[in-house]
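One structure is given here, and the rest of the page talks about it.
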Amino acid sequence: MTKGGMESVEVFTTEGKGRGLKAQKEFLPGDVIFAEPAYAAVVFDSLTHVICHTCFKRQERLHRCGQCKFAHYCDRTCQRAAWLNHKNECSAIKRHGKAPTENIRLAARILWKIEREGGGLSEGCLVSMEELQNHVDSFGEEEKKELRADVESFLEFWPPHCQQFGMQFISHIFGVISCNGFTLSDQRGLQAVGVGIFPNLCQANHDCWPNCTVVFNNGNHEAVRSMFHTQMRIELRALNKISPGDELTVSYVDFLNLSEERRKQLKKQYYFDCTCEHCKKQLKDDLMLAVKAGESKPSADMVKEVVQLSKDTLEKISKARMEGNYHEVVKLCRDCLTKQEPVLGDTNIYLLRILSIASEVLSYLQMFEEAADYAKRMVDGYLKIYHPNNAQLGMAVMRAGVTHWHAGLIEAGHGLICKAYAILLITHGPSHPITKDLEVMRVQTEMELRMFQQNEFMYYKMREAALKNQKIQVMPEPSNENAPSLFHKKE
């Protein structure tokens, strides 16, 4: 079954997994299989005044809707593009006296769209909202209680003159949001800023080692007077060569967890047992649990002790980061690494987690040389574990490249930036803001590398002079959150 712009994929039913998506033609790494605008999307409650409600970009100064005073936009173009979806919301917020929570706002936007267009297939959609999986029958007591509270709040917000929907259908929509909500990120892809429903993407099944990735594209902000200015969409991109008839899969969770942990997370959030090859055969688990090899192999008790110490340290680090106490974070990381290094292998996930935090926080504190050493070890470990075209791997390699560059290690820095660029060209595409940033860095470091190779002494003299005149660019403050996960789960 294909429809409007979705000719390259087909919905099919798989045994034990329900519906899935299948390729109709061959794709190569980096190909966009399809791009899909949101059926409905909203900005998170905590960010409604700093993120544009149309294109989801973070902006310094936003225009506010003059009527409801709630919605914010980059400019008139975004405001005009939003009106069809904001019109009912605007009057409902004024009538209600305040904006409800993001879940209520998203459900309302979905139901207003159904009211406008009818409940059947929307243009370009392979399935209707009614056909999406809601998993309400699998909800635990706490989730059922939250669902009832959401439905009650929704009914208070929903205007009496609008089409009235039955309780069962309203509950279905909240169930769909709960297990199919897709995380929308800012233009740099570093922070989760909203949640949207993309019916076609919802059909792609999970695999821990997928053949596709999903990237959120905020449109082209330079195209001020064109439709692309606000054309916010997701893109499903091929990671490997895909043949006609192959199932298209994405990963709902970060691969950098033991198969048992990933399965637990998938069961809890998405209500299914993962039967992918990597989970069934526990592939890569041995690398993620690696211990120091050699004659003086550590005892099982020693390994258990160091793993427990690592878990405790990660909790303490989380607390110190919440408080912004970064020097304490560095001390905790250094102490933990001293204990880990004689016991854990270089691909052990507990060692890699500490190396990742240490490199990020030390970069922020501008202690670049130490940060670069940890970042290099982290990347070496990641390269043995992650799929070679994994977006999170690409971002980590980019961060390591920038850290080496700031440390004056131009050869290693340029090499890592080129490696990150090659990965992100496939996962994000050449027009994504992050890839464009990386291209600028790649050109800059290539120029500096040539200068370094011609005359090392002059290179360091010029670098020193440049740093005196221009304060080194500070790395962004470390976030206590993980990179945005693919699907949004209401906490």
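To be explicit about the labels: the chains of the structure tokens are called A, B, and onward in the order shown, and within each one the residues are counted from 1, while ligands get numbers from 1 in the order they are shown.
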| Secondary structure check, helix (DSSP H, G or I) residues of range 296-407 of chain A, as a ChimeraX atom specification | /A:300-322,326-340,349-364,368-385,391-406
| message | What's around range 56-72 of chain A at 12 Å? Count only C-alpha atoms, leave out sequence neighbours fewer than 6 positions away in its own chain, and write the answer as an MDAnalysis selection string. | response | chainID A and resid 38 41:45 47:50 78:80 82:83 85:100 105 183:196 216:221 229:233 433
Excluding same-chain residues fewer than 6 positions from range 107-119 of chain A, what lies within 7 Å of it counting only C-alpha atoms, as a CSV table (one decimal) with N, CA and C atoms, in the first residue's frame?
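See out_34.csv below for the written result:
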```csv
chain,number,residue,atom,x,y,z
A,40,ALA,N,0.7,16.1,13.9
A,40,ALA,CA,0.5,17.2,14.9
A,40,ALA,C,1.7,17.2,15.8
A,85,ASN,N,-3.3,25.2,12.4
A,85,ASN,CA,-3.2,24.4,13.6
A,85,ASN,C,-3.4,25.1,14.9
A,128,SER,N,-4.3,5.5,9.1
A,128,SER,CA,-5.0,6.5,9.8
A,128,SER,C,-4.7,6.5,11.3
A,163,GLN,N,-16.5,19.4,17.6
A,163,GLN,CA,-17.0,18.0,17.4
A,163,GLN,C,-16.7,17.2,18.7
A,173,ILE,N,-6.4,8.1,21.6
A,173,ILE,CA,-5.4,9.1,21.1
A,173,ILE,C,-4.3,9.3,22.2
A,174,PHE,N,-4.7,9.3,23.5
A,174,PHE,CA,-3.7,9.5,24.5
A,174,PHE,C,-2.7,8.3,24.5
```
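Here CA of Val329 in chain A is placed at a distance of 20.1 Å from CA of Asn348 in chain A.
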| task | Going by DSSP on the backbone, which bits of range 175-255 of chain A are strand (DSSP E)? Write them as a ChimeraX atom specification, please. | result | /A:182-185,192-197,205-206,212-217,233-238,247-250
| request: May I have the residues within 10 Å of Gly120 in chain A as a count of residues only, using only C-alpha atoms and disregarding those fewer than 5 positions away in the same chain? | output: 7
